[in-house]
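Student: Have a look at the structure that comes next, please.
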Amino acid sequence: MIEILDTTLRDGEQTAGVSFNPDEKLAIARLLLEEMKVNRIEVASARVSRGEQEAFAKICAWASTCGKLGAVEALGFVDGGLSVDWIRSAGGQVMNLLTKGSLRHVTGQLRKTPEEHLDDILRDIRIAVSKGLEVNVYLEDWSNGMTDSPEYVFFLVDALKDAPVKRIMLPDTLGILDPKRTWEYCRTMVERYPSLHFDFHPHNDYDLAAANAFEAVLAGVKGLHTTVNGLGERTGNLPVSSAIGILNDHLKVENTLDESRLMHVCRYVETISGVRIPSNKPLVGEFVFTQTSGVHADGDRKGGLYQNALLPERFGRHRHYALGKTSGKANIVKNLESLGINLTPEQMKQVTARVVELGDKKESLTPEDLPFIVADVLKGDVSTTAPDRIHIINYSLQLARGMRPIANIRIDIDGTEYEEAAAGDGQYDAFMKALWIIYDRLGRRHPRLTDYVVKIPPGGKTDALVETTISWDWQGKGFKTRGVDSDQAEAAIKATVKMLNLIENNLI
């Protein structure tokens, strides 16, 4: 069994720009213990602020009502018992005492000898125990201590192994370790002190926190420290999502984490902290269960050939098949199946071509975009196999504050090009005025626009596809055309060109 100490509310709050208020801290604490089911949480640093103590007291009060007070921990300092009193006054029961795990920290920061520092540590442990606290000990900068001054580390732990300390915690405070040294250093500690419980506390400065945690567990440590979404100072700490993947899928080590609640907890902390989860973040990122390649979608339809053990359902998620220029028929079929839409092979060919065309212009298409595309290709317009007689060669729409929009257009009608410019009350209005100038010059009649409707998919953002449906009156007969594009003006222009060709081909 590997214990998980989550320190989102202490070490994670050292992320630049992140600060939780007492109510937010309590909410996150409850999520971690009740939903994620981590074993312990570190929620405060002693003597930091009045707000920190208020939050700590609020969490302790809640934890005491549900038998979880022993899982709530606070960082304390070697300060002659001041941290002990701070923790006790807030109702806490567990202190994680911060000591110096490297010789250079003792001599350079404390300006003390190892013996003097050890005496201070043992004094504070005695004070804590006498006042009813359980004590764990951090060896700050332990990784540098093992690199530069292992004899000092052993001197300290030789004395602490007989002290009333429940756990000794081994931080890679500056994130200097690699997997090889992590295993060697942790294995040295475990073999030299087989009766002690060691936690490993990784930082991610070289993007090796997960790999180092993997090796620490292999070496025999009994606990890992995590944060939600990898929050923490500088590049952060080991994400709890990474710990889940390592422990459950690779090491297959028993733990209490409930992976089905991972996404809920991570999204909540993302919202409260303001630190966004990267879209490609393993297990919890937006894109990690999205197949983009049509080849992959085809393989999945034929037997899950492009799926691994990280099934999205484990984490309360679903697999998606992206739509874009690399989409094949299989991606589109997968999405259409989920929408309950069936198409003929010829219809599928047309929709696929349209998806690829739009994917060249838009970074990504969503399943919500697909009904618009299907409708644009197959529905709502008078169908025709006649060739288009009118084409837009190019156009320029200009919008400037305090000036009327201007459109410059060039169109091809039956093989002859025409160019015109006009100002209007909007970009599309300017386009239409330029178009009708050409029509009037040629003596051609044109229909009257009677309605103009713009829609985006439910939940769509600023980059959503736009469906523009325009109603026309042509010689007393009403009809509609629609255009779909990522740009509203272009969607309207596409609907207009459809209208022109229907009239020119005498299909209205």
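Residue numbering restarts at 1 in every chain; chains get A, B, ... in the order shown in the structure tokens, and ligands count up from 1 in that same order.
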Leaving out Asp258 (chain A) and any residue of its chain fewer than 4 positions from it, which residues lie within 8 Å of it when counting only C-alpha atoms, given as a list in words?

Tutor: Glu35, Met36, Lys37 and Leu262 of chain A

Student: Excluding region 496-501 of chain A and residues on its chain fewer than 4 positions from it, collect all residues at most 7 Å away from it, counting only C-alpha atoms, and give them as a list of chain:residue names.

Tutor: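 The contact residues come out as A:Asp388, A:Arg389, A:Ile390, A:Thr481, A:Ala492, A:Asn505.
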
Student: Could you pull the residues within 12 Å of Pro150 (chain A), counting only C-alpha atoms, minus those fewer than 4 positions along the same chain, as a PyMOL selection string?

Tutor: chain A and resi 101-104+141-146+154-158+185+188-189

Student: Name the residues of region 89-223 of chain A that come out as strand (DSSP E) in a backbone DSSP run; write them as a list in words.

Tutor: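 Selecting the strand (DSSP E) positions of region 89-223 of chain A gives Val94, Met95, Asn96, Leu97, Leu98, Thr99, Lys100, Glu134, Val135, Asn136, Val137, Tyr138, Leu139, Glu140, Arg167, Ile168, Met169, Leu170, Pro171, Phe198, Asp199, Phe200, His201 and Gly223 of chain A.
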
Student: Write out as a list in words the set of residues from region 197-242 of chain A that DSSP, computed on the backbone, places in helix (DSSP H, G or I).

Tutor: Ala209, Ala210, Ala211, Asn212, Ala213, Phe214, Glu215, Ala216, Val217, Leu218, Ala219, Val228, Asn229, Gly230, Val240, Ser241 and Ser242 of chain A

Student: Residues of the last selection are to be written out with C-alpha atoms, as a PDB file, in the first residue's frame.

Tutor:
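Saved the output as again_22.pdb:
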ATOM      1  CA  ALA A 209       8.605  14.327 -11.133  1.00  0.00           C
ATOM      2  CA  ALA A 210       6.526  11.410 -12.414  1.00  0.00           C
ATOM      3  CA  ALA A 211       9.539   9.350 -13.509  1.00  0.00           C
ATOM      4  CA  ASN A 212      11.265  10.003 -10.185  1.00  0.00           C
ATOM      5  CA  ALA A 213       8.138   9.035  -8.249  1.00  0.00           C
ATOM      6  CA  PHE A 214       8.033   5.774 -10.222  1.00  0.00           C
ATOM      7  CA  GLU A 215      11.599   4.958  -9.177  1.00  0.00           C
ATOM      8  CA  ALA A 216      11.025   6.008  -5.571  1.00  0.00           C
ATOM      9  CA  VAL A 217       8.195   3.509  -5.250  1.00  0.00           C
ATOM     10  CA  LEU A 218      10.323   0.797  -6.853  1.00  0.00           C
ATOM     11  CA  ALA A 219      13.039   1.617  -4.330  1.00  0.00           C
ATOM     12  CA  VAL A 228      -3.880  18.541  -8.002  1.00  0.00           C
ATOM     13  CA  ASN A 229      -2.902  19.587 -11.534  1.00  0.00           C
ATOM     14  CA  GLY A 230       0.760  19.668 -10.459  1.00  0.00           C
ATOM     15  CA  VAL A 240      -2.070  13.385  -8.544  1.00  0.00           C
ATOM     16  CA  SER A 241      -3.229  12.314 -12.016  1.00  0.00           C
ATOM     17  CA  SER A 242       0.307  11.131 -12.816  1.00  0.00           C
TER      18      SER A 242
END

Student: Which one of A:Arg404, A:His264, A:Arg30, A:Arg410 sits closest to Gly426 (chain A) if you count only C-alpha atoms?

Tutor: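 Looking only at the distances to Gly426 (chain A), the closest residue turns out to be A:Arg404.
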